[in-house]
$ cat start00.pdb   # PDB, C-alpha atoms
MODEL        1
ATOM      1  CA  MET A   1      72.930 112.464 106.272
ATOM      2  CA  PRO A   2      71.122 109.296 107.127
ATOM      3  CA  ILE A   3      72.746 108.996 110.503
ATOM      4  CA  ASN A   4      73.235 111.437 113.282
ATOM      5  CA  GLN A   5      76.600 112.912 112.662
ATOM      6  CA  ASP A   6      78.399 115.506 114.668
ATOM      7  CA  GLU A   7      81.943 115.173 113.485
ATOM      8  CA  ALA A   8      82.328 118.886 113.919
ATOM      9  CA  ASP A   9      81.704 118.539 117.623
ATOM     10  CA  GLY A  10      84.826 118.929 119.709
ATOM     11  CA  GLU A  11      87.890 121.073 119.576
ATOM     12  CA  ARG A  12      89.940 121.828 116.549
ATOM     13  CA  PRO A  13      93.668 122.223 116.822
ATOM     14  CA  VAL A  14      94.367 125.910 117.300
ATOM     15  CA  ASP A  15      97.370 128.116 116.840
ATOM     16  CA  ARG A  16      98.109 128.454 120.507
ATOM     17  CA  ASP A  17      99.458 124.916 120.356
ATOM     18  CA  LEU A  18     101.932 125.781 117.618
ATOM     19  CA  ASP A  19     104.712 126.915 119.941
ATOM     20  CA  ASP A  20     104.498 123.749 121.995
ATOM     21  CA  ARG A  21     104.592 121.612 118.915
ATOM     22  CA  GLN A  22     107.650 123.320 117.543
ATOM     23  CA  ALA A  23     109.348 123.046 120.913
ATOM     24  CA  ASP A  24     108.679 119.330 121.081
ATOM     25  CA  ARG A  25     109.720 118.781 117.478
ATOM     26  CA  ALA A  26     107.387 115.817 117.565
ATOM     27  CA  PRO A  27     105.009 115.473 114.630
ATOM     28  CA  THR A  28     101.481 115.956 115.857
ATOM     29  CA  THR A  29      98.369 115.368 113.843
ATOM     30  CA  ARG A  30      95.222 115.972 115.761
ATOM     31  CA  VAL A  31      91.849 114.883 114.636
ATOM     32  CA  THR A  32      88.475 115.680 116.075
ATOM     33  CA  PRO A  33      86.835 112.579 117.555
ATOM     34  CA  LEU A  34      84.241 110.840 115.445
ATOM     35  CA  ARG A  35      80.889 110.547 117.162
ATOM     36  CA  TYR A  36      77.935 108.776 115.623
ATOM     37  CA  ALA A  37      75.170 108.549 118.192
ATOM     38  CA  GLY A  38      72.009 106.535 117.754
ATOM     39  CA  ILE A  39      72.914 104.720 114.549
ATOM     40  CA  PRO A  40      69.995 102.422 113.665
ATOM     41  CA  ALA A  41      71.323  98.867 114.008
ATOM     42  CA  ASP A  42      70.426  98.131 110.421
ATOM     43  CA  ALA A  43      72.709  96.634 107.772
ATOM     44  CA  ARG A  44      72.226  99.590 105.449
ATOM     45  CA  ARG A  45      73.089 102.193 108.065
ATOM     46  CA  LEU A  46      76.133 100.231 109.122
ATOM     47  CA  VAL A  47      77.543 100.725 105.629
ATOM     48  CA  ASP A  48      77.425 104.487 106.180
ATOM     49  CA  ALA A  49      78.968 104.173 109.615
ATOM     50  CA  ARG A  50      81.770 101.955 108.282
ATOM     51  CA  ARG A  51      82.556 104.411 105.507
ATOM     52  CA  GLY A  52      82.488 107.295 107.954
ATOM     53  CA  LEU A  53      84.923 105.471 110.211
ATOM     54  CA  GLU A  54      87.260 104.738 107.309
ATOM     55  CA  ARG A  55      87.153 108.331 106.098
ATOM     56  CA  TRP A  56      87.898 109.555 109.608
ATOM     57  CA  ALA A  57      90.812 107.144 110.075
ATOM     58  CA  VAL A  58      92.395 108.137 106.767
ATOM     59  CA  ALA A  59      91.943 111.820 107.618
ATOM     60  CA  ALA A  60      93.632 111.170 110.960
ATOM     61  CA  GLY A  61      96.755 110.097 109.101
ATOM     62  CA  ILE A  62      96.668 106.537 110.403
ATOM     63  CA  ALA A  63      98.763 103.990 108.472
ATOM     64  CA  PRO A  64      96.735 102.172 105.791
ATOM     65  CA  SER A  65      97.213  98.712 107.311
ATOM     66  CA  VAL A  66      95.948  99.997 110.666
ATOM     67  CA  VAL A  67      93.038 101.733 108.929
ATOM     68  CA  ASP A  68      92.046  98.368 107.434
ATOM     69  CA  ASP A  69      92.041  96.764 110.879
ATOM     70  CA  ILE A  70      90.113  99.641 112.439
ATOM     71  CA  VAL A  71      87.437  99.418 109.754
ATOM     72  CA  LEU A  72      87.249  95.623 110.003
ATOM     73  CA  ALA A  73      87.081  95.430 113.789
ATOM     74  CA  GLY A  74      84.798  98.453 114.079
ATOM     75  CA  TYR A  75      82.412  96.994 111.549
ATOM     76  CA  GLU A  76      82.386  93.566 113.182
ATOM     77  CA  ALA A  77      81.540  95.176 116.525
ATOM     78  CA  MET A  78      78.640  97.066 114.943
ATOM     79  CA  ALA A  79      77.471  93.995 113.025
ATOM     80  CA  ASN A  80      77.566  91.984 116.263
ATOM     81  CA  ALA A  81      75.327  94.569 117.897
ATOM     82  CA  ALA A  82      72.861  94.465 115.006
ATOM     83  CA  GLU A  83      72.815  90.690 114.737
ATOM     84  CA  HIS A  84      73.243  89.517 118.298
ATOM     85  CA  ALA A  85      72.328  92.327 120.674
ATOM     86  CA  TYR A  86      69.140  93.231 118.837
ATOM     87  CA  ARG A  87      68.872  90.044 116.781
ATOM     88  CA  LEU A  88      67.883  92.164 113.808
ATOM     89  CA  ARG A  89      65.110  93.908 115.768
ATOM     90  CA  PRO A  90      65.122  97.711 115.860
ATOM     91  CA  GLY A  91      67.730  99.254 118.117
ATOM     92  CA  THR A  92      70.503 101.794 118.020
ATOM     93  CA  LEU A  93      74.204 101.867 118.658
ATOM     94  CA  ASP A  94      76.857 104.489 119.181
ATOM     95  CA  LEU A  95      80.247 104.690 117.512
ATOM     96  CA  LEU A  96      83.038 106.782 118.984
ATOM     97  CA  ALA A  97      86.556 107.037 117.615
ATOM     98  CA  THR A  98      89.434 109.036 119.038
ATOM     99  CA  SER A  99      93.063 109.380 118.108
ATOM    100  CA  GLU A 100      95.406 110.965 120.591
ATOM    101  CA  ASP A 101      98.733 110.356 122.278
ATOM    102  CA  GLY A 102      99.639 107.768 119.695
ATOM    103  CA  GLU A 103      96.614 105.663 120.417
ATOM    104  CA  VAL A 104      93.457 105.099 118.422
ATOM    105  CA  VAL A 105      90.388 104.030 120.363
ATOM    106  CA  VAL A 106      87.122 102.917 118.797
ATOM    107  CA  VAL A 107      84.129 102.258 121.017
ATOM    108  CA  VAL A 108      80.893 100.616 119.892
ATOM    109  CA  ARG A 109      78.048 100.647 122.379
ATOM    110  CA  ASP A 110      74.629  99.019 122.146
ATOM    111  CA  ARG A 111      71.688  98.765 124.507
ATOM    112  CA  GLY A 112      70.637  95.237 123.694
ATOM    113  CA  ASP A 113      71.490  91.915 125.234
ATOM    114  CA  TRP A 114      73.974  89.567 123.652
ATOM    115  CA  ARG A 115      72.899  85.974 123.617
ATOM    116  CA  PRO A 116      75.343  83.483 125.030
ATOM    117  CA  PRO A 117      77.353  81.988 122.170
ATOM    118  CA  PRO A 118      75.699  78.867 120.764
ATOM    119  CA  ALA A 119      77.547  75.557 120.719
ATOM    120  CA  ASP A 120      78.699  76.301 117.185
ATOM    121  CA  PRO A 121      79.542  79.967 117.391
ATOM    122  CA  GLY A 122      79.512  80.377 113.598
ATOM    123  CA  ASP A 123      79.370  83.964 112.442
ATOM    124  CA  ARG A 124      79.524  85.503 115.854
ATOM    125  CA  GLY A 125      82.558  83.492 116.888
ATOM    126  CA  ARG A 126      84.296  84.567 113.736
ATOM    127  CA  GLY A 127      83.347  88.210 114.223
ATOM    128  CA  LEU A 128      84.693  88.271 117.773
ATOM    129  CA  LEU A 129      87.836  86.487 116.622
ATOM    130  CA  MET A 130      88.334  89.195 114.019
ATOM    131  CA  ILE A 131      87.873  91.926 116.634
ATOM    132  CA  ARG A 132      90.312  90.303 119.051
ATOM    133  CA  SER A 133      92.872  89.488 116.378
ATOM    134  CA  THR A 134      93.036  92.957 114.887
ATOM    135  CA  SER A 135      92.822  95.087 118.023
ATOM    136  CA  GLU A 136      93.380  95.166 121.736
ATOM    137  CA  ALA A 137      89.762  94.659 122.715
ATOM    138  CA  ASP A 138      87.758  94.875 125.919
ATOM    139  CA  ILE A 139      84.166  93.729 125.822
ATOM    140  CA  ASP A 140      81.932  94.771 128.677
ATOM    141  CA  SER A 141      78.539  93.134 128.499
ATOM    142  CA  GLY A 142      75.778  93.800 131.004
ATOM    143  CA  PRO A 143      72.006  93.949 131.321
ATOM    144  CA  ASP A 144      71.953  97.479 129.892
ATOM    145  CA  GLY A 145      73.973  96.675 126.813
ATOM    146  CA  THR A 146      77.436  95.916 125.584
ATOM    147  CA  THR A 147      80.426  98.164 125.060
ATOM    148  CA  VAL A 148      83.236  96.997 122.816
ATOM    149  CA  ARG A 149      86.389  99.072 123.254
ATOM    150  CA  MET A 150      89.160  98.532 120.696
ATOM    151  CA  ARG A 151      92.607 100.066 120.770
ATOM    152  CA  TRP A 152      95.527 100.391 118.377
ATOM    153  CA  ARG A 153      98.926 102.030 118.540
ATOM    154  CA  ARG A 154      99.032 104.309 115.538
TER     155      ARG A 154
ATOM    156  CA  MET B   1      72.125 106.285  98.642
ATOM    157  CA  THR B   2      73.214 103.971 101.348
ATOM    158  CA  SER B   3      73.068 100.608  99.644
ATOM    159  CA  ALA B   4      76.303  98.933  98.674
ATOM    160  CA  PRO B   5      75.453  96.303  96.107
ATOM    161  CA  ILE B   6      77.967  93.728  95.082
ATOM    162  CA  THR B   7      78.389  92.527  91.532
ATOM    163  CA  ILE B   8      78.694  88.812  90.920
ATOM    164  CA  ASP B   9      79.664  87.391  87.527
ATOM    165  CA  VAL B  10      79.237  83.654  87.078
ATOM    166  CA  VAL B  11      81.364  82.270  84.241
ATOM    167  CA  PRO B  12      81.139  78.523  83.572
ATOM    168  CA  VAL B  13      84.132  76.981  81.775
ATOM    169  CA  GLU B  14      83.462  73.298  81.068
ATOM    170  CA  ASP B  15      83.233  71.617  84.471
ATOM    171  CA  CYS B  16      84.655  74.667  86.267
ATOM    172  CA  VAL B  17      82.901  77.872  87.154
ATOM    173  CA  VAL B  18      84.415  81.202  88.080
ATOM    174  CA  VAL B  19      82.348  83.355  90.422
ATOM    175  CA  ALA B  20      83.857  86.823  90.272
ATOM    176  CA  VAL B  21      82.779  89.114  93.084
ATOM    177  CA  ALA B  22      83.205  92.889  93.166
ATOM    178  CA  GLY B  23      82.275  95.300  95.923
ATOM    179  CA  GLU B  24      81.831  95.154  99.670
ATOM    180  CA  VAL B  25      80.781  91.835 101.183
ATOM    181  CA  ASP B  26      79.115  92.558 104.521
ATOM    182  CA  LEU B  27      75.948  92.050 106.529
ATOM    183  CA  LEU B  28      73.957  93.659 103.742
ATOM    184  CA  THR B  29      75.358  91.759 100.767
ATOM    185  CA  ALA B  30      76.605  88.406 102.078
ATOM    186  CA  ASP B  31      73.289  86.687 101.314
ATOM    187  CA  GLN B  32      73.699  87.575  97.656
ATOM    188  CA  LEU B  33      77.112  85.895  97.632
ATOM    189  CA  ARG B  34      75.785  82.878  99.512
ATOM    190  CA  ASP B  35      72.897  82.434  97.075
ATOM    191  CA  ALA B  36      75.159  82.745  94.039
ATOM    192  CA  LEU B  37      77.570  80.166  95.428
ATOM    193  CA  MET B  38      74.864  77.748  96.520
ATOM    194  CA  GLY B  39      73.579  77.787  92.961
ATOM    195  CA  VAL B  40      76.836  76.341  91.628
ATOM    196  CA  VAL B  41      78.729  74.400  94.302
ATOM    197  CA  GLU B  42      76.777  71.182  93.758
ATOM    198  CA  ARG B  43      76.907  71.418  89.975
ATOM    199  CA  TYR B  44      80.518  72.155  89.062
ATOM    200  CA  ALA B  45      83.578  70.090  89.896
ATOM    201  CA  VAL B  46      85.639  73.209  90.582
ATOM    202  CA  VAL B  47      84.229  76.483  91.840
ATOM    203  CA  VAL B  48      86.682  79.389  91.789
ATOM    204  CA  VAL B  49      85.571  82.374  93.855
ATOM    205  CA  ASP B  50      87.489  85.392  92.639
ATOM    206  CA  LEU B  51      87.709  87.993  95.419
ATOM    207  CA  ALA B  52      90.284  90.201  93.689
ATOM    208  CA  GLU B  53      87.772  93.053  93.285
ATOM    209  CA  VAL B  54      86.340  92.790  96.793
ATOM    210  CA  GLN B  55      87.026  95.900  98.884
ATOM    211  CA  PHE B  56      85.673  94.684 102.201
ATOM    212  CA  LEU B  57      85.059  91.216 103.604
ATOM    213  CA  SER B  58      83.219  90.781 106.889
ATOM    214  CA  SER B  59      82.587  87.687 108.983
ATOM    215  CA  THR B  60      79.183  87.230 107.332
ATOM    216  CA  GLY B  61      80.977  86.997 103.989
ATOM    217  CA  LEU B  62      83.348  84.427 105.463
ATOM    218  CA  ALA B  63      80.330  82.440 106.663
ATOM    219  CA  ALA B  64      78.964  82.349 103.102
ATOM    220  CA  LEU B  65      82.314  81.082 101.805
ATOM    221  CA  THR B  66      82.571  78.461 104.551
ATOM    222  CA  LEU B  67      79.067  77.174 103.877
ATOM    223  CA  ALA B  68      79.720  76.995 100.133
ATOM    224  CA  HIS B  69      82.999  75.177 100.735
ATOM    225  CA  ARG B  70      81.295  72.642 102.983
ATOM    226  CA  VAL B  71      78.550  71.950 100.451
ATOM    227  CA  ALA B  72      81.059  71.698  97.598
ATOM    228  CA  VAL B  73      83.147  69.156  99.488
ATOM    229  CA  ALA B  74      80.042  67.180 100.475
ATOM    230  CA  SER B  75      79.167  67.039  96.777
ATOM    231  CA  GLY B  76      82.621  65.793  95.833
ATOM    232  CA  ASN B  77      83.548  69.158  94.329
ATOM    233  CA  GLN B  78      86.164  71.769  95.148
ATOM    234  CA  LEU B  79      85.937  75.409  96.092
ATOM    235  CA  ARG B  80      89.010  77.564  95.577
ATOM    236  CA  LEU B  81      89.580  81.230  96.309
ATOM    237  CA  VAL B  82      91.443  83.976  94.528
ATOM    238  CA  ALA B  83      92.529  86.670  96.962
ATOM    239  CA  THR B  84      95.255  89.164  96.230
ATOM    240  CA  ASP B  85      94.623  92.069  98.576
ATOM    241  CA  ARG B  86      95.224  92.486 102.283
ATOM    242  CA  VAL B  87      91.620  93.503 102.746
ATOM    243  CA  THR B  88      90.482  89.977 101.823
ATOM    244  CA  LEU B  89      93.544  87.967 102.867
ATOM    245  CA  ARG B  90      93.584  89.330 106.387
ATOM    246  CA  PRO B  91      90.085  88.149 107.395
ATOM    247  CA  LEU B  92      90.738  84.776 105.729
ATOM    248  CA  GLU B  93      94.029  84.332 107.565
ATOM    249  CA  ILE B  94      92.860  85.547 110.977
ATOM    250  CA  THR B  95      90.023  83.041 111.016
ATOM    251  CA  GLY B  96      92.166  80.147 109.819
ATOM    252  CA  MET B  97      90.198  79.757 106.598
ATOM    253  CA  THR B  98      93.345  79.769 104.469
ATOM    254  CA  THR B  99      94.247  76.429 106.030
ATOM    255  CA  GLN B 100      90.910  74.948 104.935
ATOM    256  CA  ILE B 101      90.318  76.517 101.541
ATOM    257  CA  ALA B 102      93.021  76.806  98.884
ATOM    258  CA  VAL B 103      93.853  80.417  98.033
ATOM    259  CA  PHE B 104      95.460  81.423  94.744
ATOM    260  CA  ASP B 105      96.883  84.600  93.230
ATOM    261  CA  SER B 106      94.871  84.448  90.018
ATOM    262  CA  THR B 107      91.896  82.682  88.468
ATOM    263  CA  ASP B 108      94.266  80.952  86.004
ATOM    264  CA  ASP B 109      96.261  79.474  88.869
ATOM    265  CA  ALA B 110      93.104  78.511  90.712
ATOM    266  CA  MET B 111      91.643  76.752  87.695
ATOM    267  CA  ALA B 112      94.973  75.039  86.972
ATOM    268  CA  GLY B 113      94.801  73.092  90.141
ATOM    269  CA  GLY B 114      94.369  72.736  93.843
ATOM    270  CA  ASP B 115      96.976  70.009  93.909
ATOM    271  CA  ARG B 116      99.813  72.485  93.532
ATOM    272  CA  PRO B 117     101.223  70.755  90.458
ATOM    273  CA  ASP B 118     104.913  70.177  90.118
ATOM    274  CA  PRO B 119     106.410  73.488  88.947
ATOM    275  CA  SER B 120     108.377  71.705  86.219
ATOM    276  CA  SER B 121     105.287  70.186  84.656
ATOM    277  CA  PRO B 122     103.797  72.125  81.771
ATOM    278  CA  ARG B 123     100.519  73.885  82.291
ATOM    279  CA  ASP B 124      97.798  73.884  79.680
TER     280      ASP B 124
ENDMDL
END
$ encode --input "start00.pdb" --output "structure tokens"
Amino acid sequence: MPINQDEADGERPVDRDLDDRQADRAPTTRVTPLRYAGIPADARRLVDARRGLERWAVAAGIAPSVVDDIVLAGYEAMANAAEHAYRLRPGTLDLLATSEDGEVVVVVRDRGDWRPPPADPGDRGRGLLMIRSTSEADIDSGPDGTTVRMRWRR
Amino acid sequence: MTSAPITIDVVPVEDCVVVAVAGEVDLLTADQLRDALMGVVERYAVVVVDLAEVQFLSSTGLAALTLAHRVAVASGNQLRLVATDRVTLRPLEITGMTTQIAVFDSTDDAMAGGDRPDPSSPRD
């Protein structure tokens, strides 16, 4: 795999939970978190990361319209990191996705510095608009990098 | 293989041109779309960009469409879109582009007119 992938990391649902599930009678699909650490902030690698995120979201049983938004917002966050945090210089980013308790959370973290938006925000303005319109987003930007945290009810 | 090329078919029809795009329009491929559009927007009265076979449309792709639209209008021409799937309509709608660029359900409709002709009038 071209990017560092440890999807298998984490706990799998095990049989000891079966009794609880039956008692609750609530449908429960658990999915192991997706963790891509140190993805090169490069347009080609971001294609892999986007496809990995989509595959994970579908496997998690998330509704197709929400999957579309997760993939769109997640990709825009990664593209922002590549374009604006590193300004197309070498750098890496991390992608984390979790789905639990009816909530999907996708976190994209970079270690670059985002430039202040120019007078005409252009691409970046549109990318942030897409993130904020398709998710509940928190963006925490500091000297050590930026973390974009996006949430959806599944 | 990590590359995700897009396929662009340019089909001139008299003073119109249909630019049919297939694949994933993102940071990697948006330049290809931009270049294809910039090659036609000043030369054809009507440029129809068919996004029906596009499976992903990022903000960089939207930037290419916006630029092409601006240049077309500055040249006295028109740029129209064909978008039929949520995956393309959603980014266009979120960013307000559907209020600036006419969107149609099919290339036939797009070529027939941006003026939304009277439904009772016959269409050639």
$ residues_around --input "start00.pdb" --residues "segment 36-49 of chain B" --least-positions-apart "5" --cutoff "9 Å" --atoms "all atoms listed in the file" --output "count of residues only"
33
$ interface_residues --input "start00.pdb" --of "chain B" --to "chain A" --cutoff "10 Å" --atoms "only C-alpha atoms" --output "ChimeraX atom specification"
/B:1-4,24,26-29,56-64,66,86-87,90-96
$ resolve_selection --input "start00.pdb" --expression "the PyMOL selection byres ((chain A and resi 84-100) around 9)" --output "PyMOL selection string"
chain A and resi 29-43+49+53+56-57+60+62+74+78-83+101-115+124+145-146+154
$ atom_distance --input "start00.pdb" --atom1 "atom CA of Leu51 of chain B" --atom2 "atom CA of Thr88 of chain B"
7.3 Å
$ atom_distance --input "start00.pdb" --atom1 "atom CA of Asp9 of chain B" --atom2 "atom CA of Leu33 of chain B"
10.5 Å
$ residues_near_point --input "start00.pdb" --point "(80.9, 94.5, 125.1)" --cutoff "6 Å" --atoms "only C-alpha atoms" --output "list in words"
Ile139, Asp140, Ser141, Thr146, Thr147 and Val148 of chain A
$ atom_distance --input "start00.pdb" --atom1 "atom CA of Asp138 of chain A" --atom2 "atom CA of Val67 of chain A"
19.1 Å
$ decode --input "start00.pdb" --residues "segment 64-83 of chain B" --atoms "N, CA and C atoms" --output "mmCIF file, in the first residue's frame"
data_model
loop_
_atom_site.group_PDB
_atom_site.id
_atom_site.type_symbol
_atom_site.label_atom_id
_atom_site.label_comp_id
_atom_site.auth_asym_id
_atom_site.auth_seq_id
_atom_site.Cartn_x
_atom_site.Cartn_y
_atom_site.Cartn_z
ATOM 1 N N ALA B 64 -12.106 25.395 -11.658
ATOM 2 C CA ALA B 64 -11.892 25.301 -13.107
ATOM 3 C C ALA B 64 -13.165 25.696 -13.858
ATOM 4 N N LEU B 65 -14.306 25.239 -13.355
ATOM 5 C CA LEU B 65 -15.586 25.571 -14.001
ATOM 6 C C LEU B 65 -15.884 27.068 -13.889
ATOM 7 N N THR B 66 -15.608 27.628 -12.715
ATOM 8 C CA THR B 66 -15.861 29.057 -12.499
ATOM 9 C C THR B 66 -14.999 29.913 -13.421
ATOM 10 N N LEU B 67 -13.727 29.550 -13.512
ATOM 11 C CA LEU B 67 -12.813 30.290 -14.391
ATOM 12 C C LEU B 67 -13.295 30.214 -15.842
ATOM 13 N N ALA B 68 -13.645 29.017 -16.280
ATOM 14 C CA ALA B 68 -14.098 28.830 -17.661
ATOM 15 C C ALA B 68 -15.373 29.628 -17.922
ATOM 16 N N HIS B 69 -16.270 29.640 -16.942
ATOM 17 C CA HIS B 69 -17.510 30.396 -17.084
ATOM 18 C C HIS B 69 -17.207 31.884 -17.233
ATOM 19 N N ARG B 70 -16.298 32.374 -16.404
ATOM 20 C CA ARG B 70 -15.950 33.793 -16.438
ATOM 21 C C ARG B 70 -15.361 34.183 -17.800
ATOM 22 N N VAL B 71 -14.482 33.336 -18.302
ATOM 23 C CA VAL B 71 -13.836 33.640 -19.589
ATOM 24 C C VAL B 71 -14.855 33.540 -20.727
ATOM 25 N N ALA B 72 -15.748 32.568 -20.636
ATOM 26 C CA ALA B 72 -16.786 32.431 -21.671
ATOM 27 C C ALA B 72 -17.643 33.683 -21.715
ATOM 28 N N VAL B 73 -18.097 34.127 -20.556
ATOM 29 C CA VAL B 73 -18.963 35.305 -20.492
ATOM 30 C C VAL B 73 -18.216 36.543 -21.001
ATOM 31 N N ALA B 74 -16.951 36.668 -20.621
ATOM 32 C CA ALA B 74 -16.153 37.812 -21.074
ATOM 33 C C ALA B 74 -15.975 37.800 -22.590
ATOM 34 N N SER B 75 -16.082 36.615 -23.188
ATOM 35 C CA SER B 75 -15.943 36.490 -24.633
ATOM 36 C C SER B 75 -17.288 36.564 -25.338
ATOM 37 N N GLY B 76 -18.343 36.816 -24.588
ATOM 38 C CA GLY B 76 -19.675 36.878 -25.179
ATOM 39 C C GLY B 76 -20.271 35.499 -25.436
ATOM 40 N N ASN B 77 -19.712 34.484 -24.826
ATOM 41 C CA ASN B 77 -20.205 33.119 -25.014
ATOM 42 C C ASN B 77 -20.910 32.628 -23.755
ATOM 43 N N GLN B 78 -21.411 31.399 -23.832
ATOM 44 C CA GLN B 78 -22.126 30.837 -22.683
ATOM 45 C C GLN B 78 -21.522 29.501 -22.285
ATOM 46 N N LEU B 79 -21.477 29.272 -20.984
ATOM 47 C CA LEU B 79 -21.082 27.962 -20.483
ATOM 48 C C LEU B 79 -22.267 27.381 -19.726
ATOM 49 N N ARG B 80 -22.621 26.165 -20.065
ATOM 50 C CA ARG B 80 -23.749 25.492 -19.417
ATOM 51 C C ARG B 80 -23.285 24.137 -18.898
ATOM 52 N N LEU B 81 -23.912 23.694 -17.828
ATOM 53 C CA LEU B 81 -23.509 22.426 -17.217
ATOM 54 C C LEU B 81 -24.606 21.384 -17.368
ATOM 55 N N VAL B 82 -24.184 20.142 -17.467
ATOM 56 C CA VAL B 82 -25.106 19.017 -17.328
ATOM 57 C C VAL B 82 -24.674 18.254 -16.083
ATOM 58 N N ALA B 83 -25.553 18.214 -15.102
ATOM 59 C CA ALA B 83 -25.261 17.486 -13.865
ATOM 60 C C ALA B 83 -26.522 16.747 -13.453
#
